[in-house]
file data-v2.txt (compact mmCIF, C-alpha atoms)
# COMPACT_ATOMS: atom_id res chain seq x y z
CA MET A 834 0.00 0.00 0.00
CA GLY A 835 2.99 2.31 0.60
CA ARG A 836 3.35 2.93 -3.12
CA MET A 837 -0.04 4.56 -3.29
CA THR A 838 0.59 7.07 -0.52
CA ALA A 839 3.85 7.99 -2.27
CA SER A 840 1.90 9.36 -5.23
CA PRO A 841 -0.59 11.98 -4.09
CA GLY A 842 -2.78 13.69 -6.65
CA ARG A 843 -3.77 10.57 -8.53
CA ARG A 844 -7.43 10.93 -9.33
CA VAL A 845 -10.17 9.74 -11.61
CA LEU A 846 -12.71 12.08 -13.21
CA LEU A 847 -15.89 10.14 -13.94
CA ALA A 848 -18.18 11.67 -16.55
CA ALA A 849 -21.90 12.08 -15.98
CA PRO A 850 -23.99 11.37 -17.91
CA ARG A 851 -22.34 8.27 -19.39
CA GLY A 852 -23.45 4.83 -20.52
CA TYR A 853 -26.97 3.74 -21.39
CA CYS A 854 -29.27 6.17 -23.12
CA ALA A 855 -33.06 5.71 -23.14
CA GLY A 856 -33.10 4.18 -26.64
CA VAL A 857 -30.50 1.54 -25.77
CA ASP A 858 -32.13 0.73 -22.44
CA ARG A 859 -35.45 0.22 -24.23
CA ALA A 860 -33.93 -1.98 -26.95
CA VAL A 861 -32.03 -4.24 -24.55
CA ILE A 862 -35.08 -4.65 -22.27
CA ALA A 863 -37.18 -5.39 -25.36
CA VAL A 864 -34.96 -8.37 -26.24
CA GLU A 865 -35.06 -9.66 -22.65
CA LYS A 866 -38.84 -9.24 -22.45
CA ALA A 867 -39.38 -10.96 -25.82
CA LEU A 868 -37.31 -13.94 -24.65
CA GLU A 869 -39.29 -14.06 -21.38
CA GLN A 870 -42.68 -13.82 -23.08
CA TYR A 871 -42.15 -15.90 -26.19
CA GLY A 872 -39.20 -18.13 -25.28
CA ALA A 873 -36.06 -18.64 -27.35
CA PRO A 874 -35.13 -18.20 -30.07
CA VAL A 875 -35.84 -14.55 -30.75
CA TYR A 876 -33.92 -13.42 -33.83
CA VAL A 877 -32.37 -9.96 -33.90
CA ARG A 878 -31.37 -8.34 -37.18
CA HIS A 879 -27.92 -6.81 -36.62
CA GLU A 880 -26.52 -6.17 -33.17
CA ILE A 881 -29.38 -4.81 -31.04
CA VAL A 882 -26.94 -2.11 -29.89
CA HIS A 883 -23.27 -1.72 -30.78
CA ASN A 884 -21.77 -3.36 -27.72
CA LYS A 885 -19.90 -6.65 -27.58
CA TYR A 886 -20.77 -7.48 -23.96
CA VAL A 887 -24.50 -6.77 -24.41
CA VAL A 888 -24.67 -8.95 -27.54
CA GLN A 889 -22.82 -11.84 -25.83
CA THR A 890 -25.07 -11.60 -22.75
CA LEU A 891 -28.25 -11.68 -24.83
CA GLU A 892 -26.93 -14.58 -26.93
CA LYS A 893 -26.54 -16.61 -23.74
CA LYS A 894 -30.21 -15.95 -22.97
CA GLY A 895 -31.34 -17.21 -26.38
CA ALA A 896 -31.20 -14.24 -28.76
CA VAL A 897 -29.89 -15.13 -32.23
CA PHE A 898 -28.21 -12.29 -34.11
CA VAL A 899 -28.36 -12.35 -37.91
CA GLU A 900 -27.03 -9.96 -40.53
CA ARG A 901 -29.86 -10.50 -43.01
CA THR A 902 -33.61 -10.90 -42.59
CA GLU A 903 -33.52 -13.87 -45.00
CA GLU A 904 -31.47 -15.85 -42.46
CA VAL A 905 -34.50 -16.12 -40.14
CA PRO A 906 -36.59 -19.29 -40.70
CA PRO A 907 -40.28 -18.57 -41.55
CA GLY A 908 -42.68 -18.48 -38.61
CA ASN A 909 -40.19 -16.89 -36.22
CA ILE A 910 -39.95 -13.58 -34.39
CA VAL A 911 -37.41 -11.05 -35.62
CA MET A 912 -36.49 -7.83 -33.84
CA PHE A 913 -35.06 -4.76 -35.57
CA SER A 914 -32.19 -3.08 -33.73
CA ALA A 915 -32.11 0.35 -32.08
CA HIS A 916 -30.39 1.80 -35.18
CA GLY A 917 -33.51 1.41 -37.33
CA VAL A 918 -34.09 -0.24 -40.69
CA ALA A 919 -35.13 0.81 -44.19
CA PRO A 920 -38.74 0.12 -45.32
CA VAL A 921 -37.45 -2.67 -47.58
CA VAL A 922 -36.46 -4.65 -44.46
CA HIS A 923 -40.07 -4.60 -43.23
CA GLU A 924 -41.03 -5.98 -46.64
CA GLU A 925 -38.39 -8.72 -46.36
CA ALA A 926 -39.84 -9.75 -42.99
CA GLU A 927 -43.32 -9.88 -44.45
CA ARG A 928 -42.16 -12.02 -47.38
CA GLY A 929 -40.29 -14.28 -44.95
CA ARG A 930 -43.50 -14.71 -42.91
CA LEU A 931 -41.95 -13.33 -39.75
CA ALA A 932 -43.56 -11.60 -36.78
CA THR A 933 -41.62 -8.41 -36.10
CA ILE A 934 -40.72 -6.28 -33.09
CA ASP A 935 -39.32 -2.87 -33.96
CA ALA A 936 -36.84 -1.69 -31.32
CA THR A 937 -35.73 1.35 -33.35
CA CYS A 938 -34.89 4.24 -31.02
CA PRO A 939 -37.72 6.82 -31.16
CA LEU A 940 -35.14 9.55 -31.84
CA VAL A 941 -33.98 7.64 -34.94
CA THR A 942 -37.62 7.16 -36.00
CA LYS A 943 -38.00 10.95 -35.78
CA VAL A 944 -35.21 11.39 -38.37
CA HIS A 945 -36.83 8.73 -40.60
CA LYS A 946 -40.10 10.68 -40.49
CA GLU A 947 -38.31 13.91 -41.36
CA ALA A 948 -36.70 12.16 -44.34
CA VAL A 949 -40.08 10.90 -45.60
CA ARG A 950 -41.71 14.31 -45.19
CA PHE A 951 -38.97 16.27 -46.98
CA ALA A 952 -38.87 13.67 -49.77
CA GLN A 953 -42.63 14.00 -50.23
CA GLU A 954 -42.11 17.75 -50.56
CA ASP A 955 -39.46 16.94 -53.21
CA TYR A 956 -36.46 18.40 -51.35
CA ASP A 957 -32.92 17.21 -51.91
CA ILE A 958 -31.90 15.78 -48.52
CA LEU A 959 -28.27 15.94 -47.42
CA LEU A 960 -27.78 13.30 -44.73
CA ILE A 961 -24.71 13.96 -42.60
CA GLY A 962 -23.34 10.67 -41.29
CA HIS A 963 -20.85 7.83 -41.62
CA GLU A 964 -20.98 5.69 -44.72
CA GLY A 965 -22.02 2.09 -44.03
CA HIS A 966 -23.35 2.78 -40.51
CA GLU A 967 -26.62 0.91 -39.90
CA GLU A 968 -28.50 4.05 -38.91
CA VAL A 969 -27.46 5.82 -42.12
CA ILE A 970 -28.49 2.81 -44.24
CA GLY A 971 -31.91 2.78 -42.53
CA THR A 972 -32.57 6.52 -42.90
CA SER A 973 -31.34 6.60 -46.52
CA GLY A 974 -33.67 3.72 -47.32
CA GLU A 975 -36.71 5.87 -46.44
CA ALA A 976 -36.15 8.05 -49.52
CA PRO A 977 -33.20 6.73 -51.55
CA ASP A 978 -33.96 8.95 -54.56
CA HIS A 979 -33.85 12.14 -52.50
CA ILE A 980 -31.04 11.46 -50.02
CA GLN A 981 -27.31 11.80 -50.50
CA LEU A 982 -24.76 11.12 -47.78
CA VAL A 983 -22.32 13.80 -46.65
CA ASP A 984 -19.57 12.15 -44.60
CA GLY A 985 -17.87 15.13 -42.96
CA PRO A 986 -16.81 18.60 -44.19
CA GLY A 987 -14.50 17.09 -46.83
CA ASP A 988 -17.50 15.65 -48.67
CA VAL A 989 -19.21 19.00 -49.24
CA GLU A 990 -17.52 20.01 -52.49
CA LYS A 991 -18.85 16.98 -54.39
CA VAL A 992 -22.48 17.55 -53.36
CA GLU A 993 -24.79 18.45 -56.23
CA VAL A 994 -28.50 19.25 -55.94
CA ARG A 995 -31.32 19.83 -58.42
CA ASP A 996 -32.56 23.08 -56.93
CA PRO A 997 -30.43 25.01 -54.40
CA SER A 998 -33.58 26.64 -53.00
CA ARG A 999 -35.02 23.24 -51.98
CA VAL A 1000 -32.31 21.61 -49.90
CA VAL A 1001 -32.44 20.36 -46.30
CA TRP A 1002 -29.87 18.66 -44.06
CA LEU A 1003 -30.54 15.82 -41.62
CA SER A 1004 -28.02 13.83 -39.58
CA GLN A 1005 -27.18 10.55 -37.92
CA THR A 1006 -28.05 10.79 -34.19
CA THR A 1007 -24.62 9.76 -32.84
CA LEU A 1008 -22.18 12.19 -34.50
CA SER A 1009 -19.73 14.68 -33.08
CA VAL A 1010 -21.74 17.85 -32.46
CA ASP A 1011 -18.86 20.17 -33.42
CA GLU A 1012 -17.88 18.31 -36.58
CA THR A 1013 -21.50 18.16 -37.71
CA MET A 1014 -21.90 21.91 -37.32
CA GLU A 1015 -18.66 22.38 -39.28
CA THR A 1016 -20.20 20.28 -42.09
CA VAL A 1017 -23.45 22.27 -41.88
CA ASP A 1018 -21.53 25.57 -42.11
CA ALA A 1019 -19.67 24.34 -45.18
CA LEU A 1020 -22.98 23.24 -46.75
CA LYS A 1021 -24.59 26.61 -45.96
CA GLU A 1022 -21.73 28.37 -47.68
CA LYS A 1023 -22.37 26.30 -50.79
CA PHE A 1024 -26.19 26.38 -50.49
CA PRO A 1025 -27.20 29.60 -48.67
CA GLN A 1026 -30.87 28.55 -48.70
CA LEU A 1027 -30.16 25.25 -46.94
CA ILE A 1028 -32.92 24.40 -44.46
CA SER A 1029 -32.18 22.85 -41.04
CA PRO A 1030 -34.27 20.06 -39.54
CA PRO A 1031 -37.12 21.22 -37.26
CA SER A 1032 -35.10 20.07 -34.25
CA ASP A 1033 -31.49 18.97 -33.95
CA ASP A 1034 -31.09 15.34 -35.10
CA ILE A 1035 -28.08 14.58 -32.89
CA CYS A 1036 -29.73 13.02 -29.87
CA TYR A 1037 -29.72 14.38 -26.33
CA ALA A 1038 -27.57 11.49 -25.05
CA THR A 1039 -24.86 11.96 -27.68
CA GLN A 1040 -24.73 15.69 -26.93
CA ASN A 1041 -24.68 15.26 -23.13
CA ARG A 1042 -21.94 12.61 -23.19
CA GLN A 1043 -19.79 14.80 -25.43
CA LEU A 1044 -20.39 17.81 -23.17
CA ALA A 1045 -19.22 15.85 -20.09
CA VAL A 1046 -16.12 14.62 -21.95
CA LYS A 1047 -15.27 18.16 -23.04
CA GLN A 1048 -15.28 19.32 -19.42
CA MET A 1049 -13.32 16.28 -18.28
CA GLY A 1050 -10.86 16.12 -21.19
CA ALA A 1051 -9.62 19.62 -20.49
CA GLU A 1052 -8.30 18.42 -17.11
CA ALA A 1053 -7.33 14.81 -17.85
CA ASP A 1054 -3.92 13.47 -18.91
CA LEU A 1055 -5.56 10.27 -20.10
CA VAL A 1056 -9.18 9.52 -21.03
CA ILE A 1057 -10.53 5.97 -21.14
CA VAL A 1058 -13.78 5.56 -23.07
CA VAL A 1059 -15.55 2.26 -22.49
CA GLY A 1060 -17.26 1.17 -25.69
CA SER A 1061 -17.05 -1.06 -28.75
CA ARG A 1062 -15.14 -0.36 -31.97
CA ASN A 1063 -18.31 -0.31 -34.07
CA SER A 1064 -20.08 2.13 -31.76
CA SER A 1065 -20.20 5.49 -33.50
CA ASN A 1066 -21.02 7.56 -30.40
CA SER A 1067 -18.22 5.87 -28.39
CA LYS A 1068 -15.61 6.58 -31.09
CA ARG A 1069 -16.75 10.21 -31.15
CA LEU A 1070 -16.11 10.47 -27.38
CA VAL A 1071 -12.44 9.55 -27.96
CA GLU A 1072 -12.15 12.29 -30.59
CA VAL A 1073 -13.90 14.87 -28.41
CA ALA A 1074 -11.61 14.03 -25.46
CA LYS A 1075 -8.49 14.66 -27.56
CA LEU A 1076 -9.86 17.91 -28.98
CA ALA A 1077 -10.73 19.05 -25.44
CA GLY A 1078 -7.08 18.75 -24.44
CA ALA A 1079 -6.57 15.22 -23.12
CA ARG A 1080 -3.01 14.07 -23.90
CA ALA A 1081 -4.26 10.62 -24.83
CA ALA A 1082 -7.63 8.92 -25.18
CA TYR A 1083 -8.43 5.25 -25.84
CA LEU A 1084 -11.47 3.11 -26.52
CA VAL A 1085 -11.69 -0.22 -24.64
CA ASP A 1086 -14.42 -2.85 -24.43
CA PHE A 1087 -13.18 -4.24 -21.11
CA ALA A 1088 -10.83 -3.22 -18.28
CA ASP A 1089 -8.28 -5.89 -19.23
CA GLU A 1090 -7.67 -4.07 -22.52
CA ILE A 1091 -6.13 -1.11 -20.69
CA ASP A 1092 -2.37 -0.94 -21.12
CA GLU A 1093 -0.43 -0.12 -17.93
CA ALA A 1094 1.97 1.92 -20.06
CA TRP A 1095 -0.82 4.46 -20.63
CA LEU A 1096 -0.53 5.45 -16.95
CA GLU A 1097 3.08 6.59 -17.15
CA GLY A 1098 3.38 10.19 -15.99
CA VAL A 1099 -0.40 10.41 -15.59
CA SER A 1100 -2.02 11.92 -12.51
CA THR A 1101 -5.58 12.48 -13.77
CA VAL A 1102 -7.55 9.82 -15.65
CA GLY A 1103 -10.94 10.62 -17.17
CA VAL A 1104 -13.44 7.77 -17.54
CA THR A 1105 -16.67 7.67 -19.52
CA SER A 1106 -18.71 5.21 -21.57
CA GLY A 1107 -20.72 5.19 -24.77
CA ALA A 1108 -24.50 5.09 -24.91
CA SER A 1109 -24.68 1.31 -25.36
CA VAL A 1110 -22.38 0.39 -22.46
CA PRO A 1111 -23.64 -1.29 -19.24
CA GLU A 1112 -22.36 0.33 -16.04
CA ILE A 1113 -20.74 -2.92 -14.83
CA LEU A 1114 -18.01 -2.44 -17.46
CA VAL A 1115 -17.26 1.05 -16.14
CA GLU A 1116 -17.13 -0.28 -12.56
CA GLN A 1117 -14.53 -2.84 -13.65
CA VAL A 1118 -12.41 -0.06 -15.17
CA LEU A 1119 -12.66 1.95 -11.93
CA GLU A 1120 -11.59 -1.13 -9.93
CA TRP A 1121 -8.65 -1.68 -12.30
CA LEU A 1122 -7.56 1.93 -11.80
CA ALA A 1123 -8.06 1.81 -8.02
CA ARG A 1124 -5.72 -1.19 -7.79
CA ARG A 1125 -3.08 1.00 -9.42
CA GLY A 1126 -3.43 3.91 -7.01
CA PHE A 1127 -6.22 5.84 -8.71
CA GLU A 1128 -8.77 5.55 -5.91
CA ASP A 1129 -9.97 9.11 -5.67
CA VAL A 1130 -13.04 9.45 -7.95
CA GLU A 1131 -14.67 12.80 -8.74
CA ILE A 1132 -17.86 13.09 -10.78
CA VAL A 1133 -17.89 15.62 -13.62
CA LYS A 1134 -21.56 16.37 -14.20
CA ALA A 1135 -22.64 18.05 -17.42
CA ALA A 1136 -26.39 17.37 -17.50
CA GLU A 1137 -29.32 15.63 -15.84
CA GLU A 1138 -31.08 12.90 -17.80
CA SER A 1139 -34.55 11.63 -17.04
CA ILE A 1140 -35.82 10.49 -20.44
CA ILE A 1141 -37.48 7.07 -20.60
CA PHE A 1142 -39.11 5.50 -23.67
CA SER A 1143 -41.97 3.03 -23.45
CA LEU A 1144 -41.32 -0.48 -24.79
CA PRO A 1145 -42.19 -1.47 -28.39
CA LYS A 1146 -45.96 -1.97 -28.62
CA GLU A 1147 -45.56 -5.36 -30.35
CA LEU A 1148 -44.57 -6.86 -26.97
CA ARG A 1149 -48.23 -6.53 -25.98
CA ARG A 1150 -49.30 -9.16 -28.52
CA ASP A 1151 -48.95 -12.92 -28.87
CA LEU A 1152 -46.33 -12.94 -31.57
CA ARG A 1153 -45.78 -16.72 -31.53
CA ASP A 1154 -49.42 -17.18 -32.58
CA GLU A 1155 -49.09 -14.47 -35.20
CA ALA A 1156 -45.93 -16.08 -36.59
CA ALA A 1157 -47.64 -19.48 -36.78
CA ALA A 1158 -50.61 -17.87 -38.55
CA LEU A 1159 -48.28 -16.27 -41.10
CA VAL A 1160 -46.70 -19.60 -41.95
CA ALA A 1161 -50.12 -21.24 -42.18
CA GLY A 1162 -51.12 -18.41 -44.50
CA ARG A 1163 -53.79 -17.07 -42.16
CA GLY A 1164 -53.89 -13.29 -42.23
CA GLY A 1165 -51.45 -10.47 -41.61
CA THR A 1166 -48.89 -9.57 -39.03
CA GLY A 1167 -51.46 -7.98 -36.76
CA THR A 1168 -49.88 -4.58 -37.29
CA GLY A 1169 -51.97 -1.96 -35.64
CA ALA A 1170 -53.68 -4.71 -33.65
CA ASP A 1171 -52.67 -3.24 -30.34
CA SER A 1172 -55.96 -4.39 -28.92
CA ALA A 1173 -55.12 -8.04 -29.62
CA GLU A 1174 -53.73 -8.50 -26.11

call {"tool": "encode", "arguments": {"input": "data-v2.txt", "output": "structure tokens"}}
result
Amino acid sequence: MGRMTASPGRRVLLAAPRGYCAGVDRAVIAVEKALEQYGAPVYVRHEIVHNKYVVQTLEKKGAVFVERTEEVPPGNIVMFSAHGVAPVVHEEAERGRLATIDATCPLVTKVHKEAVRFAQEDYDILLIGHEGHEEVIGTSGEAPDHIQLVDGPGDVEKVEVRDPSRVVWLSQTTLSVDETMETVDALKEKFPQLISPPSDDICYATQNRQLAVKQMGAEADLVIVVGSRNSSNSKRLVEVAKLAGARAAYLVDFADEIDEAWLEGVSTVGVTSGASVPEILVEQVLEWLARRGFEDVEIVKAAEESIIFSLPKELRRDLRDEAAALVAGRGGTGTGADSAE
């Protein structure tokens, strides 16, 4: 223990808010509830949320993750992930005679609705986001003829529109707030009549987590972000930490991925987690740090969060019966049949 007392000033700054957002919480509970109510297997198209630990935990309980809707045998239940899907995926599920549960985050659904509305009004839609990300694929699929992707400020020069007076921008919900505004500014310079979405598309949780990291990063020598490599919002937290002044920032899925060498010459470590990360993984990181003399934990609070989303309405129906009926060729998916409880 003597070693620890010899190094005063070692401290951890713990960001708040961090970890689960309302959309992730809802999606993960939806999978657990579906397994409870209908028994295994429940198929999930794509990772329900972008977190390795969550996916592994749900697999143990009987969730089966597939990349394509066609992989699900007819007469089963398939759940769509929090990132949302394009309308064509709903059609695939119908053709495959599958009962569906849509766990798309309501804040992603909001962007989908904006895309549909602006497409109906025949606007060119510039969707700011990362190419290949599931959320971007889903949103683009709502109006493929009207939407073009703008992946950062560097993409702006190649954007062409039919009518510069009828252009709107939308965005992926998990981007860097600052970089997105930089892209918007560049777009506005090119298209002065560019319209903004009715409300900011970057979600409250993404913004709050970045705000906390900005405050923390300014004081931290090292920032550890708990999150998975394919999690867009987690990767953005690493970038934001560096821009805020942290000497180094790393993304880890688990505490045992931390390299002791990162601690050399470090007295302040910042810790946060992405919006799809369970708190147990953060606790393990804090324990790892405490064993190395970083026992003093201070909370850096940037916002209060109290948002909760109700569970997908499909969980109120007997989906096993509906799936069996679909295979037997008896009737539809019961969509809109909320009363069929």

call {"tool": "closest_residue", "arguments": {"input": "data-v2.txt", "among": "A:Val1010, A:Ile1113, A:Val888, A:Val944", "to": "A:Asn1041", "atoms": "all atoms listed in the file"}}
result
A:Val1010

call {"tool": "residues_around", "arguments": {"input": "data-v2.txt", "residues": "A:Gln1040", "least_positions_apart": "5", "cutoff": "9 Å", "atoms": "only C-alpha atoms", "output": "list in words"}}
result
Thr1007, Leu1008, Ser1009, Val1010, Ile1035 and Ala1045 of chain A

call {"tool": "atom_distance", "arguments": {"input": "data-v2.txt", "atom1": "atom CA of A:Cys1036", "atom2": "atom CA of A:Glu1112"}}
result
20.2 Å

call {"tool": "atom_distance", "arguments": {"input": "data-v2.txt", "atom1": "atom CA of A:Glu1147", "atom2": "atom CA of A:Val857"}}
result
17.2 Å

call {"tool": "residues_near_point", "arguments": {"input": "data-v2.txt", "point": "(-30.0, 5.9, -26.3)", "cutoff": "8 Å", "atoms": "all atoms listed in the file", "output": "PyMOL selection string"}}
result
chain A and resi 853-858+938+1036+1038+1108-1109

call {"tool": "atom_distance", "arguments": {"input": "data-v2.txt", "atom1": "atom CA of A:Ile1141", "atom2": "atom CA of A:Glu865"}}
result
17.0 Å

call {"tool": "closest_residue", "arguments": {"input": "data-v2.txt", "among": "A:Tyr1037, A:Glu1022, A:Arg859, A:Asp978", "to": "A:Glu1137", "atoms": "all atoms listed in the file"}}
result
A:Tyr1037

call {"tool": "axis_aligned_box", "arguments": {"input": "data-v2.txt", "around": "stretch 957-975 of chain A", "padding_each_side": "5 Å", "output": "lines of an AutoDock Vina configuration file"}}
result
center_x = -28.8
center_y = 9.1
center_z = -45.4
size_x = 25.9
size_y = 26.3
size_z = 23.0

call {"tool": "closest_residue", "arguments": {"input": "data-v2.txt", "among": "A:Ala932, A:Ala915, A:Leu1148, A:Leu1114", "to": "A:Lys885", "atoms": "only C-alpha atoms"}}
result
A:Leu1114

call {"tool": "residues_around", "arguments": {"input": "data-v2.txt", "residues": "stretch 1026-1032 of chain A", "least_positions_apart": "5", "cutoff": "9 Å", "atoms": "all atoms listed in the file", "output": "MDAnalysis selection string"}}
result
chainID A and resid 944 947 997:1004 1017 1020:1021
